[in-house]
$ cat my_file-v5.txt   # compact mmCIF, C-alpha atoms
# COMPACT_ATOMS: atom_id res chain seq x y z
CA MET C 1 93.52 121.61 133.71
CA ASP C 2 93.99 118.35 135.59
CA LEU C 3 94.34 115.26 133.39
CA PHE C 4 91.47 113.35 134.99
CA GLU C 5 89.25 116.42 134.88
CA ALA C 6 89.86 116.61 131.13
CA LEU C 7 89.34 112.88 130.56
CA THR C 8 86.09 112.79 132.55
CA THR C 9 84.52 116.15 131.60
CA ARG C 10 85.36 116.28 127.86
CA ARG C 11 82.14 116.40 125.85
CA SER C 12 81.14 116.51 122.24
CA VAL C 13 80.31 120.11 121.39
CA ARG C 14 77.67 120.92 118.76
CA LYS C 15 77.09 124.64 119.51
CA TYR C 16 79.93 127.02 118.82
CA GLY C 17 80.42 130.75 119.16
CA PRO C 18 81.85 132.60 116.16
CA ASP C 19 84.98 133.91 117.92
CA PRO C 20 88.14 133.10 116.00
CA ILE C 21 90.71 130.94 117.74
CA PRO C 22 93.95 132.79 118.47
CA ASP C 23 96.82 131.44 116.37
CA GLU C 24 98.85 130.51 119.44
CA GLN C 25 95.97 128.39 120.79
CA LEU C 26 95.58 126.56 117.49
CA GLU C 27 99.31 125.99 117.36
CA ARG C 28 99.33 124.57 120.89
CA VAL C 29 96.49 122.20 119.98
CA LEU C 30 98.28 121.00 116.84
CA GLU C 31 101.72 120.79 118.49
CA THR C 32 100.17 118.58 121.18
CA ALA C 33 98.23 116.49 118.67
CA ARG C 34 101.37 115.64 116.72
CA LEU C 35 102.76 113.79 119.76
CA ALA C 36 100.08 111.10 119.48
CA PRO C 37 101.47 107.58 119.09
CA SER C 38 101.16 105.74 115.78
CA TRP C 39 101.97 102.38 114.17
CA ALA C 40 105.80 102.16 114.15
CA ASN C 41 105.75 105.97 114.33
CA THR C 42 104.52 106.13 110.72
CA GLN C 43 102.29 109.18 111.47
CA CYS C 44 100.01 108.47 108.53
CA TRP C 45 97.87 111.49 109.38
CA GLU C 46 97.49 114.86 107.66
CA ILE C 47 95.32 117.81 108.62
CA ILE C 48 93.66 120.55 106.61
CA VAL C 49 92.60 123.56 108.70
CA VAL C 50 89.55 125.07 107.01
CA LYS C 51 88.52 128.59 108.04
CA ASP C 52 87.08 129.87 104.78
CA PRO C 53 83.29 130.27 105.30
CA ASP C 54 82.49 129.15 101.76
CA THR C 55 84.53 125.94 102.10
CA LYS C 56 83.03 125.24 105.54
CA LYS C 57 79.56 125.62 104.03
CA LYS C 58 80.42 123.26 101.17
CA LEU C 59 81.80 120.70 103.62
CA SER C 60 78.68 120.97 105.79
CA ASP C 61 76.60 120.15 102.70
CA THR C 62 78.32 116.73 102.57
CA LEU C 63 76.48 115.85 105.80
CA SER C 64 72.89 114.63 105.78
CA GLU C 65 70.23 117.31 106.25
CA HIS C 66 69.31 116.20 109.76
CA ASN C 67 72.81 115.96 111.18
CA PRO C 68 73.15 118.53 114.02
CA ALA C 69 76.86 118.82 113.23
CA ARG C 70 75.93 120.45 109.91
CA LYS C 71 75.14 123.74 111.59
CA ALA C 72 78.09 123.34 113.96
CA MET C 73 80.46 123.11 111.02
CA VAL C 74 79.30 126.44 109.66
CA GLU C 75 79.19 128.20 113.03
CA ALA C 76 82.55 127.05 114.38
CA PRO C 77 85.43 129.28 113.31
CA MET C 78 87.27 126.31 111.82
CA VAL C 79 86.96 122.73 110.74
CA ILE C 80 89.81 120.26 111.14
CA ALA C 81 89.72 117.87 108.19
CA ALA C 82 91.60 114.79 109.41
CA LEU C 83 93.14 112.71 106.65
CA GLY C 84 94.72 109.27 106.63
CA LYS C 85 97.38 108.26 104.13
CA LYS C 86 96.88 104.67 103.16
CA GLY C 87 99.65 102.10 102.90
CA LEU C 88 101.64 103.15 105.96
CA ALA C 89 100.00 102.09 109.24
CA GLY C 90 99.87 98.32 109.64
CA VAL C 91 101.16 97.83 106.11
CA LYS C 92 104.58 96.62 104.97
CA GLY C 93 105.66 96.67 101.34
CA GLY C 94 102.08 97.27 100.26
CA ILE C 95 100.80 94.22 102.15
CA PRO C 96 98.73 94.42 105.35
CA ALA C 97 100.75 93.06 108.26
CA THR C 98 97.61 91.87 110.09
CA LYS C 99 94.15 90.56 109.22
CA LEU C 100 92.81 94.00 110.14
CA GLY C 101 94.08 95.63 106.95
CA ASP C 102 95.25 99.22 106.89
CA TRP C 103 95.40 100.77 110.37
CA PHE C 104 94.98 104.40 109.22
CA MET C 105 91.56 104.63 110.92
CA PHE C 106 93.12 103.55 114.21
CA ASP C 107 95.97 106.05 114.05
CA VAL C 108 93.84 108.99 112.90
CA ALA C 109 91.60 108.28 115.90
CA LEU C 110 94.62 108.47 118.25
CA LEU C 111 95.55 111.82 116.73
CA LEU C 112 92.02 113.19 117.00
CA HIS C 113 91.52 112.13 120.61
CA GLN C 114 94.83 113.72 121.56
CA LEU C 115 93.76 116.87 119.64
CA SER C 116 90.30 116.97 121.26
CA LEU C 117 91.74 116.68 124.76
CA ALA C 118 94.28 119.44 124.13
CA ALA C 119 91.47 121.66 122.80
CA TRP C 120 89.31 120.91 125.85
CA GLY C 121 92.18 121.86 128.14
CA LEU C 122 92.23 125.30 126.48
CA GLY C 123 88.47 125.77 126.81
CA LEU C 124 87.76 124.76 123.22
CA GLY C 125 85.33 122.16 121.95
CA THR C 126 85.30 119.58 119.17
CA VAL C 127 82.97 116.86 117.92
CA HIS C 128 83.72 113.74 115.91
CA VAL C 129 81.98 113.93 112.55
CA GLY C 130 82.45 110.78 110.51
CA LEU C 131 79.10 110.50 108.73
CA PHE C 132 79.26 112.47 105.49
CA ASP C 133 79.99 111.95 101.82
CA HIS C 134 83.70 111.25 102.05
CA ASP C 135 84.38 111.43 98.32
CA ALA C 136 82.55 114.76 98.02
CA ALA C 137 84.62 116.17 100.91
CA ALA C 138 87.83 114.92 99.27
CA GLY C 139 86.78 116.69 96.08
CA ILE C 140 86.13 119.98 97.86
CA LEU C 141 89.53 119.82 99.58
CA ASP C 142 91.54 118.56 96.55
CA VAL C 143 92.57 115.46 98.50
CA PRO C 144 94.31 113.04 96.12
CA GLU C 145 93.82 109.30 95.72
CA GLY C 146 95.51 107.21 98.37
CA VAL C 147 94.53 109.67 101.07
CA GLU C 148 91.16 109.42 102.83
CA VAL C 149 89.25 112.22 104.52
CA VAL C 150 88.36 110.41 107.75
CA GLU C 151 86.65 113.11 109.80
CA LEU C 152 85.53 116.74 109.62
CA MET C 153 85.95 118.03 113.16
CA PRO C 154 84.65 121.51 114.08
CA LEU C 155 86.90 123.36 116.53
CA GLY C 156 85.77 126.41 118.45
CA LYS C 157 84.49 127.95 121.63
CA PRO C 158 81.47 126.10 123.09
CA ILE C 159 78.38 128.21 123.80
CA GLY C 160 75.17 127.43 125.63
CA PRO C 161 74.53 124.82 128.30
CA ALA C 162 76.05 121.37 127.78
CA LYS C 163 73.58 118.53 127.41
CA PRO C 164 73.95 115.70 129.92
CA ALA C 165 76.59 113.16 128.91
CA PRO C 166 75.18 110.16 127.04
CA ALA C 167 75.02 107.11 129.30
CA ARG C 168 77.92 104.70 129.11
CA LYS C 169 77.82 100.98 129.80
CA PRO C 170 79.00 99.95 133.26
CA LEU C 171 82.29 98.07 133.38
CA SER C 172 80.43 94.87 134.26
CA GLU C 173 78.97 94.84 130.73
CA PHE C 174 82.19 95.00 128.75
CA VAL C 175 85.18 94.17 130.95
CA PHE C 176 85.92 90.48 131.37
CA SER C 177 88.55 88.59 133.34
CA GLU C 178 91.05 86.23 131.69
CA LYS C 179 88.72 84.93 128.91
CA TYR C 180 85.72 85.96 126.88
CA PRO C 181 82.65 84.79 128.79
CA LYS C 182 80.49 81.97 127.48
CA LYS C 183 77.19 83.44 126.30
CA MET T 1 99.00 115.38 136.72
CA ASP T 2 98.41 118.31 134.44
CA LEU T 3 96.64 117.52 131.17
CA PHE T 4 99.35 118.95 128.93
CA GLU T 5 102.05 117.24 130.94
CA ALA T 6 100.29 113.92 130.31
CA LEU T 7 99.70 114.59 126.62
CA THR T 8 103.30 115.65 125.98
CA THR T 9 105.23 113.23 128.24
CA ARG T 10 103.26 110.00 127.66
CA ARG T 11 105.54 107.37 126.18
CA SER T 12 105.27 103.83 124.96
CA VAL T 13 106.62 101.59 127.72
CA ARG T 14 108.34 98.30 126.87
CA LYS T 15 110.00 97.52 130.23
CA TYR T 16 107.74 96.73 133.17
CA GLY T 17 108.30 95.85 136.79
CA PRO T 18 106.44 92.81 138.15
CA ASP T 19 104.48 94.69 140.84
CA PRO T 20 100.76 93.97 140.65
CA ILE T 21 98.49 96.95 140.00
CA PRO T 22 96.21 97.73 142.95
CA ASP T 23 92.57 96.97 142.11
CA GLU T 24 91.51 100.56 142.77
CA GLN T 25 94.08 101.85 140.25
CA LEU T 26 92.92 99.42 137.59
CA GLU T 27 89.33 100.39 138.27
CA ARG T 28 90.15 104.08 137.94
CA VAL T 29 91.88 103.44 134.62
CA LEU T 30 88.91 101.44 133.29
CA GLU T 31 86.27 103.83 134.67
CA THR T 32 88.05 106.66 132.88
CA ALA T 33 88.49 104.67 129.67
CA ARG T 34 84.77 103.96 129.44
CA LEU T 35 84.07 107.69 129.03
CA ALA T 36 85.78 107.75 125.63
CA PRO T 37 83.55 108.99 122.80
CA SER T 38 82.28 106.56 120.16
CA TRP T 39 80.22 106.48 116.97
CA ALA T 40 76.67 107.45 118.03
CA ASN T 41 77.68 106.25 121.52
CA THR T 42 77.64 102.64 120.29
CA GLN T 43 80.63 101.71 122.51
CA CYS T 44 81.58 98.76 120.32
CA TRP T 45 84.53 97.94 122.57
CA GLU T 46 85.12 95.11 125.03
CA ILE T 47 88.13 94.42 127.24
CA ILE T 48 89.63 91.24 128.62
CA VAL T 49 92.00 91.81 131.55
CA VAL T 50 94.58 89.03 131.45
CA LYS T 51 96.71 88.47 134.56
CA ASP T 52 97.23 84.72 134.38
CA PRO T 53 100.96 84.16 133.62
CA ASP T 54 100.24 81.17 131.41
CA THR T 55 97.74 83.09 129.26
CA LYS T 56 100.08 86.09 129.04
CA LYS T 57 102.84 83.76 127.83
CA LYS T 58 100.55 82.21 125.23
CA LEU T 59 99.49 85.65 124.01
CA SER T 60 103.11 86.79 123.80
CA ASP T 61 103.79 83.79 121.55
CA THR T 62 101.37 85.28 118.99
CA LEU T 63 103.91 88.09 118.44
CA SER T 64 106.89 87.64 116.13
CA GLU T 65 110.11 86.50 117.80
CA HIS T 66 111.86 89.83 117.41
CA ASN T 67 109.08 92.05 118.76
CA PRO T 68 110.32 93.77 121.95
CA ALA T 69 106.73 93.84 123.22
CA ARG T 70 106.87 90.06 123.50
CA LYS T 71 108.93 90.21 126.67
CA ALA T 72 106.93 93.21 127.93
CA MET T 73 103.74 91.20 127.72
CA VAL T 74 105.15 88.50 129.98
CA GLU T 75 106.78 90.90 132.44
CA ALA T 76 103.88 93.33 132.85
CA PRO T 77 101.43 92.26 135.58
CA MET T 78 98.56 92.38 133.10
CA VAL T 79 97.63 92.62 129.46
CA ILE T 80 94.57 94.53 128.28
CA ALA T 81 93.10 92.69 125.31
CA ALA T 82 91.07 95.32 123.48
CA LEU T 83 88.24 93.92 121.38
CA GLY T 84 85.98 95.50 118.79
CA LYS T 85 82.47 94.21 118.10
CA LYS T 86 81.74 94.48 114.41
CA GLY T 87 78.52 95.81 112.93
CA LEU T 88 77.98 98.71 115.37
CA ALA T 89 80.32 101.66 114.74
CA GLY T 90 79.66 103.30 111.38
CA VAL T 91 77.19 100.60 110.42
CA LYS T 92 73.41 100.80 110.18
CA GLY T 93 71.22 97.75 109.60
CA GLY T 94 74.26 95.71 108.66
CA ILE T 95 75.34 98.20 105.99
CA PRO T 96 78.36 100.53 106.33
CA ALA T 97 77.15 104.13 106.54
CA THR T 98 80.35 105.45 104.92
CA LYS T 99 82.89 104.31 102.35
CA LEU T 100 85.26 103.61 105.25
CA GLY T 101 83.42 100.46 106.30
CA ASP T 102 83.18 99.40 109.93
CA TRP T 103 84.57 102.04 112.31
CA PHE T 104 85.45 99.62 115.14
CA MET T 105 89.18 100.27 114.67
CA PHE T 106 88.60 104.00 115.08
CA ASP T 107 86.53 103.65 118.25
CA VAL T 108 88.80 101.06 119.90
CA ALA T 109 91.67 103.50 119.30
CA LEU T 110 89.74 106.27 121.10
CA LEU T 111 89.18 103.93 124.06
CA LEU T 112 92.83 102.86 124.19
CA HIS T 113 94.23 106.38 124.03
CA GLN T 114 91.88 107.46 126.82
CA LEU T 115 92.99 104.35 128.79
CA SER T 116 96.71 104.97 128.16
CA LEU T 117 96.49 108.58 129.30
CA ALA T 118 94.61 107.62 132.49
CA ALA T 119 97.26 104.98 133.20
CA TRP T 120 100.06 107.50 132.60
CA GLY T 121 98.44 109.91 135.04
CA LEU T 122 98.66 107.22 137.74
CA GLY T 123 102.32 106.44 136.99
CA LEU T 124 101.53 103.38 134.89
CA GLY T 125 102.71 102.57 131.39
CA THR T 126 101.20 100.96 128.30
CA VAL T 127 102.25 100.23 124.74
CA HIS T 128 100.16 99.70 121.63
CA VAL T 129 100.67 96.17 120.33
CA GLY T 130 98.82 95.56 117.10
CA LEU T 131 101.21 93.26 115.25
CA PHE T 132 100.46 89.66 116.24
CA ASP T 133 98.46 86.69 115.02
CA HIS T 134 94.96 88.03 115.69
CA ASP T 135 93.16 84.74 115.09
CA ALA T 136 95.52 82.88 117.40
CA ALA T 137 94.93 85.47 120.15
CA ALA T 138 91.16 85.19 119.65
CA GLY T 139 91.46 81.43 120.04
CA ILE T 140 93.45 81.73 123.28
CA LEU T 141 90.88 84.15 124.73
CA ASP T 142 87.73 82.33 123.46
CA VAL T 143 86.71 85.44 121.50
CA PRO T 144 83.74 84.56 119.27
CA GLU T 145 83.18 85.40 115.60
CA GLY T 146 82.00 88.94 114.98
CA VAL T 147 84.40 90.28 117.60
CA GLU T 148 88.00 91.16 116.72
CA VAL T 149 90.97 91.25 119.07
CA VAL T 150 92.42 94.59 117.99
CA GLU T 151 95.32 95.09 120.41
CA LEU T 152 97.14 93.38 123.26
CA MET T 153 98.24 96.23 125.52
CA PRO T 154 100.55 95.53 128.48
CA LEU T 155 99.75 97.62 131.55
CA GLY T 156 102.14 98.00 134.45
CA LYS T 157 104.75 100.02 136.27
CA PRO T 158 107.54 101.29 133.99
CA ILE T 159 111.11 100.46 135.03
CA GLY T 160 114.46 101.64 133.78
CA PRO T 161 115.29 104.81 131.89
CA ALA T 162 112.91 105.92 129.16
CA LYS T 163 114.36 106.00 125.65
CA PRO T 164 114.19 109.36 123.88
CA ALA T 165 110.83 109.97 122.18
CA PRO T 166 110.79 109.00 118.50
CA ALA T 167 110.97 112.09 116.29
CA ARG T 168 107.68 113.45 115.04
CA LYS T 169 107.12 115.36 111.81
CA PRO T 170 106.96 119.12 112.19
CA LEU T 171 103.54 120.71 111.61
CA SER T 172 104.78 122.18 108.33
CA GLU T 173 104.93 118.65 106.89
CA PHE T 174 101.38 117.55 107.58
CA VAL T 175 99.17 120.55 108.41
CA PHE T 176 97.76 122.41 105.42
CA SER T 177 95.59 125.50 105.11
CA GLU T 178 92.20 125.43 103.35
CA LYS T 179 93.07 122.83 100.67
CA TYR T 180 95.37 119.90 100.08
CA PRO T 181 98.54 121.31 98.51
CA LYS T 182 99.38 120.59 94.88
CA LYS T 183 102.34 118.22 94.79
$ encode --input "my_file-v5.txt" --output "structure tokens"
Amino acid sequence: MDLFEALTTRRSVRKYGPDPIPDEQLERVLETARLAPSWANTQCWEIIVVKDPDTKKKLSDTLSEHNPARKAMVEAPMVIAALGKKGLAGVKGGIPATKLGDWFMFDVALLLHQLSLAAWGLGLGTVHVGLFDHDAAAGILDVPEGVEVVELMPLGKPIGPAKPAPARKPLSEFVFSEKYPKK
Amino acid sequence: MDLFEALTTRRSVRKYGPDPIPDEQLERVLETARLAPSWANTQCWEIIVVKDPDTKKKLSDTLSEHNPARKAMVEAPMVIAALGKKGLAGVKGGIPATKLGDWFMFDVALLLHQLSLAAWGLGLGTVHVGLFDHDAAAGILDVPEGVEVVELMPLGKPIGPAKPAPARKPLSEFVFSEKYPKK
């Protein structure tokens, strides 16, 4: 797939078919994801690949009842639990190097966007799921202290018609020249 | 450019030629960047395109003396100041919706990775610069309270030979199956 086709057609997928993902496709997605950039190459990320239907169901129960991703998480053949190890990105000797604190959220996002694009290029879909009970998910997955479950991202084959893309702001609303405009 | 070529060859660029970037290339990069996903499509990001040599120099002075990106910021024809508006991503009615607080760092990272890949596809380079005096940069750019300068990303034409890619962890070190491993 062409790069710009991927960047402009990628969509959040909330309806998945049950087909398993061939191991070599999953490996290509993960091998591509690992090349994402990170703060001083600290690679603070970890991934748990969850295929077990019982665990997927338990994870989906950490979402609110009305979240459409709840069903997606059960239907997709796997969920990528994306973790961030604290104290590495943007941190030196235990002290944040900037006013923005620990940069693990930033770096996990880089990894997940790289992963989502690689998946899309292979005909697979993903969706960012960040709204759930993070401590409950950590408990289900045995994630220790010092590591945060950031997202639970379903990965699978999209089915059904795609909804129209949500409208984005035009550049004129958020791109400024030289200085922040007076408001 | 092929998607996987872009995802696997993209590199951080720290040496830039002085050639200006044609307006239509910059527009294509920004038009592609704006299609990045975000928390409930809140698009908490803003961008300031800095081309003025004096402002670029002032921004570069917010980096530490030994940061190689300092020179890059002066040499590149422009710097993309990536801002995050607080209180939108991961926040509802002023209250964080998750234990992870405000998600502006996550969403700005999605935007910047999308932007970097689009730039790479047009033969342009970028580098993540997150280590600088964020308040000083906000002052230089007139950025108001409630908005954070997250990164200062040079954008321009790479020159000189690329250094070898920094080594990444193998999948076996950070991808786990079903549960976090006992350590």
$ closest_residue --input "my_file-v5.txt" --among "C:Lys71, C:Lys157, C:Lys58, C:Lys51" --to "chain T" --atoms "only C-alpha atoms"
C:Lys51
$ calpha_fit_and_write --input "my_file-v5.txt" --fixed "chain T" --moving "chain C" --output "compact mmCIF listing (two decimals) with C-alpha atoms, keeping the file's coordinate frame"
# COMPACT_ATOMS: atom_id res chain seq x y z
CA MET C 1 99.01 115.35 136.74
CA ASP C 2 98.43 118.32 134.45
CA LEU C 3 96.64 117.50 131.18
CA PHE C 4 99.34 118.94 128.92
CA GLU C 5 102.06 117.23 130.93
CA ALA C 6 100.30 113.92 130.31
CA LEU C 7 99.70 114.59 126.61
CA THR C 8 103.31 115.65 125.98
CA THR C 9 105.22 113.23 128.24
CA ARG C 10 103.24 110.00 127.65
CA ARG C 11 105.54 107.38 126.15
CA SER C 12 105.28 103.83 124.96
CA VAL C 13 106.61 101.60 127.71
CA ARG C 14 108.34 98.30 126.87
CA LYS C 15 110.00 97.53 130.24
CA TYR C 16 107.75 96.74 133.16
CA GLY C 17 108.30 95.85 136.79
CA PRO C 18 106.44 92.82 138.14
CA ASP C 19 104.48 94.69 140.83
CA PRO C 20 100.76 93.99 140.64
CA ILE C 21 98.48 96.94 140.00
CA PRO C 22 96.21 97.72 142.95
CA ASP C 23 92.57 96.98 142.12
CA GLU C 24 91.52 100.57 142.77
CA GLN C 25 94.09 101.85 140.26
CA LEU C 26 92.91 99.42 137.59
CA GLU C 27 89.33 100.39 138.28
CA ARG C 28 90.15 104.09 137.94
CA VAL C 29 91.87 103.43 134.61
CA LEU C 30 88.91 101.44 133.29
CA GLU C 31 86.27 103.82 134.68
CA THR C 32 88.05 106.67 132.88
CA ALA C 33 88.49 104.67 129.68
CA ARG C 34 84.77 103.95 129.44
CA LEU C 35 84.08 107.69 129.03
CA ALA C 36 85.79 107.75 125.63
CA PRO C 37 83.55 108.97 122.81
CA SER C 38 82.30 106.55 120.16
CA TRP C 39 80.22 106.47 116.96
CA ALA C 40 76.67 107.44 118.03
CA ASN C 41 77.68 106.25 121.51
CA THR C 42 77.64 102.63 120.28
CA GLN C 43 80.65 101.70 122.50
CA CYS C 44 81.59 98.75 120.32
CA TRP C 45 84.54 97.95 122.57
CA GLU C 46 85.12 95.11 125.03
CA ILE C 47 88.12 94.42 127.23
CA ILE C 48 89.62 91.24 128.63
CA VAL C 49 91.99 91.82 131.55
CA VAL C 50 94.58 89.03 131.46
CA LYS C 51 96.70 88.47 134.57
CA ASP C 52 97.23 84.73 134.38
CA PRO C 53 100.96 84.16 133.62
CA ASP C 54 100.24 81.16 131.40
CA THR C 55 97.73 83.09 129.27
CA LYS C 56 100.08 86.09 129.05
CA LYS C 57 102.83 83.76 127.84
CA LYS C 58 100.53 82.21 125.23
CA LEU C 59 99.48 85.66 124.02
CA SER C 60 103.11 86.79 123.80
CA ASP C 61 103.79 83.79 121.55
CA THR C 62 101.36 85.29 118.99
CA LEU C 63 103.91 88.08 118.44
CA SER C 64 106.89 87.64 116.14
CA GLU C 65 110.11 86.49 117.80
CA HIS C 66 111.85 89.84 117.43
CA ASN C 67 109.07 92.04 118.75
CA PRO C 68 110.32 93.78 121.94
CA ALA C 69 106.74 93.85 123.23
CA ARG C 70 106.87 90.05 123.51
CA LYS C 71 108.93 90.22 126.67
CA ALA C 72 106.93 93.20 127.92
CA MET C 73 103.74 91.19 127.72
CA VAL C 74 105.14 88.51 129.99
CA GLU C 75 106.78 90.91 132.44
CA ALA C 76 103.89 93.33 132.88
CA PRO C 77 101.43 92.26 135.57
CA MET C 78 98.55 92.40 133.10
CA VAL C 79 97.62 92.61 129.47
CA ILE C 80 94.57 94.53 128.29
CA ALA C 81 93.10 92.68 125.31
CA ALA C 82 91.06 95.32 123.47
CA LEU C 83 88.24 93.92 121.37
CA GLY C 84 85.97 95.49 118.78
CA LYS C 85 82.47 94.22 118.09
CA LYS C 86 81.75 94.49 114.41
CA GLY C 87 78.53 95.82 112.94
CA LEU C 88 77.98 98.69 115.37
CA ALA C 89 80.31 101.65 114.73
CA GLY C 90 79.67 103.31 111.38
CA VAL C 91 77.20 100.59 110.43
CA LYS C 92 73.41 100.80 110.17
CA GLY C 93 71.23 97.76 109.61
CA GLY C 94 74.28 95.72 108.68
CA ILE C 95 75.35 98.20 105.99
CA PRO C 96 78.35 100.53 106.34
CA ALA C 97 77.15 104.13 106.55
CA THR C 98 80.35 105.45 104.91
CA LYS C 99 82.90 104.31 102.35
CA LEU C 100 85.25 103.61 105.26
CA GLY C 101 83.42 100.45 106.31
CA ASP C 102 83.18 99.40 109.93
CA TRP C 103 84.57 102.04 112.31
CA PHE C 104 85.44 99.62 115.15
CA MET C 105 89.18 100.26 114.67
CA PHE C 106 88.59 103.99 115.08
CA ASP C 107 86.53 103.64 118.25
CA VAL C 108 88.79 101.06 119.90
CA ALA C 109 91.67 103.49 119.31
CA LEU C 110 89.74 106.27 121.11
CA LEU C 111 89.18 103.93 124.05
CA LEU C 112 92.82 102.85 124.18
CA HIS C 113 94.22 106.37 124.02
CA GLN C 114 91.90 107.46 126.81
CA LEU C 115 92.98 104.35 128.79
CA SER C 116 96.70 104.96 128.16
CA LEU C 117 96.48 108.57 129.31
CA ALA C 118 94.61 107.63 132.48
CA ALA C 119 97.26 104.98 133.20
CA TRP C 120 100.07 107.49 132.62
CA GLY C 121 98.44 109.91 135.04
CA LEU C 122 98.66 107.20 137.73
CA GLY C 123 102.31 106.44 136.99
CA LEU C 124 101.53 103.38 134.89
CA GLY C 125 102.70 102.57 131.39
CA THR C 126 101.19 100.96 128.30
CA VAL C 127 102.26 100.24 124.74
CA HIS C 128 100.16 99.70 121.63
CA VAL C 129 100.68 96.18 120.33
CA GLY C 130 98.82 95.55 117.09
CA LEU C 131 101.22 93.25 115.25
CA PHE C 132 100.46 89.66 116.23
CA ASP C 133 98.45 86.69 115.02
CA HIS C 134 94.98 88.03 115.69
CA ASP C 135 93.16 84.75 115.08
CA ALA C 136 95.52 82.87 117.41
CA ALA C 137 94.93 85.48 120.14
CA ALA C 138 91.16 85.20 119.64
CA GLY C 139 91.47 81.44 120.05
CA ILE C 140 93.44 81.73 123.28
CA LEU C 141 90.87 84.15 124.72
CA ASP C 142 87.73 82.34 123.45
CA VAL C 143 86.70 85.44 121.50
CA PRO C 144 83.75 84.55 119.26
CA GLU C 145 83.17 85.40 115.61
CA GLY C 146 82.01 88.93 114.98
CA VAL C 147 84.39 90.28 117.60
CA GLU C 148 87.99 91.16 116.72
CA VAL C 149 90.96 91.24 119.07
CA VAL C 150 92.42 94.59 117.99
CA GLU C 151 95.30 95.09 120.41
CA LEU C 152 97.13 93.38 123.27
CA MET C 153 98.23 96.22 125.52
CA PRO C 154 100.55 95.52 128.48
CA LEU C 155 99.75 97.62 131.56
CA GLY C 156 102.15 98.01 134.45
CA LYS C 157 104.74 100.04 136.26
CA PRO C 158 107.54 101.29 133.97
CA ILE C 159 111.10 100.46 135.04
CA GLY C 160 114.45 101.63 133.75
CA PRO C 161 115.30 104.81 131.89
CA ALA C 162 112.92 105.92 129.13
CA LYS C 163 114.38 106.00 125.64
CA PRO C 164 114.20 109.36 123.87
CA ALA C 165 110.85 109.97 122.19
CA PRO C 166 110.80 109.00 118.50
CA ALA C 167 110.98 112.09 116.29
CA ARG C 168 107.69 113.45 115.03
CA LYS C 169 107.13 115.37 111.81
CA PRO C 170 106.96 119.14 112.19
CA LEU C 171 103.55 120.70 111.62
CA SER C 172 104.78 122.18 108.33
CA GLU C 173 104.93 118.65 106.88
CA PHE C 174 101.37 117.57 107.57
CA VAL C 175 99.17 120.56 108.40
CA PHE C 176 97.76 122.42 105.42
CA SER C 177 95.57 125.50 105.11
CA GLU C 178 92.17 125.43 103.37
CA LYS C 179 93.07 122.82 100.68
CA TYR C 180 95.37 119.91 100.07
CA PRO C 181 98.53 121.32 98.50
CA LYS C 182 99.40 120.62 94.88
CA LYS C 183 102.37 118.25 94.80
$ closest_residue --input "my_file-v5.txt" --among "C:Glu145, C:Asp133, C:Glu75, C:Asp23" --to "chain T" --atoms "only C-alpha atoms"
C:Asp133
$ closest_residue --input "my_file-v5.txt" --among "T:Leu152, T:Leu3, T:Val49, T:Cys44" --to "Phe106 (chain T)" --atoms "all atoms listed in the file"
T:Cys44
$ axis_aligned_box --input "my_file-v5.txt" --around "region 16-22 of chain C" --padding-each-side "6 Å" --output "JSON"
{"center_x": 86.9, "center_y": 130.5, "center_z": 117.6, "size_x": 26.0, "size_y": 18.9, "size_z": 15.2}
$ closest_residue --input "my_file-v5.txt" --among "C:Arg14, C:His113, C:Lys86, C:Lys183" --to "chain T" --atoms "all atoms listed in the file"
C:His113
$ closest_atom_pairs --input "my_file-v5.txt" --of "chain T" --to "chain C" --cutoff "6 Å" --atoms "all atoms listed in the file" --output "Markdown table"
| residue | atom | partner | partner_atom | distance |
| --- | --- | --- | --- | --- |
| T:Met1 | CA | C:Leu3 | CA | 5.7 |
| T:Asp2 | CA | C:Asp2 | CA | 4.6 |
| T:Leu3 | CA | C:Leu3 | CA | 3.9 |
| T:Glu46 | CA | C:Phe174 | CA | 4.7 |
| T:Ile47 | CA | C:Val175 | CA | 4.7 |
| T:Ile48 | CA | C:Phe176 | CA | 4.7 |
| T:Val49 | CA | C:Ser177 | CA | 5.0 |
| T:Val50 | CA | C:Glu178 | CA | 4.5 |
| T:Met105 | CA | C:Phe106 | CA | 5.1 |
| T:Phe106 | CA | C:Phe106 | CA | 4.6 |
| T:Ala109 | CA | C:Phe106 | CA | 5.3 |
| T:Leu110 | CA | C:Ala109 | CA | 5.9 |
| T:Leu141 | CA | C:Lys179 | CA | 4.8 |
| T:Asp142 | CA | C:Tyr180 | CA | 5.4 |
| T:Val143 | CA | C:Tyr180 | CA | 5.5 |
| T:Phe174 | CA | C:Glu46 | CA | 4.7 |
| T:Val175 | CA | C:Ile47 | CA | 4.7 |
| T:Phe176 | CA | C:Ile48 | CA | 4.7 |
| T:Ser177 | CA | C:Val49 | CA | 5.1 |
| T:Glu178 | CA | C:Val50 | CA | 4.5 |
| T:Lys179 | CA | C:Leu141 | CA | 4.8 |
| T:Tyr180 | CA | C:Asp142 | CA | 5.4 |
$ atom_distance --input "my_file-v5.txt" --atom1 "CA of Leu124 (chain C)" --atom2 "CA of Pro22 (chain C)"
11.2 Å
$ closest_residue --input "my_file-v5.txt" --among "C:Leu155, C:Leu59, C:Val91, C:Val147" --to "Gly125 (chain C)" --atoms "all atoms listed in the file"
C:Leu155
$ closest_residue --input "my_file-v5.txt" --among "T:Lys92, T:Met73, T:Val13, T:His66" --to "Pro164 (chain T)" --atoms "only C-alpha atoms"
T:Val13
$ atom_distance --input "my_file-v5.txt" --atom1 "CA of Glu24 (chain C)" --atom2 "CA of Ser116 (chain C)"
16.1 Å
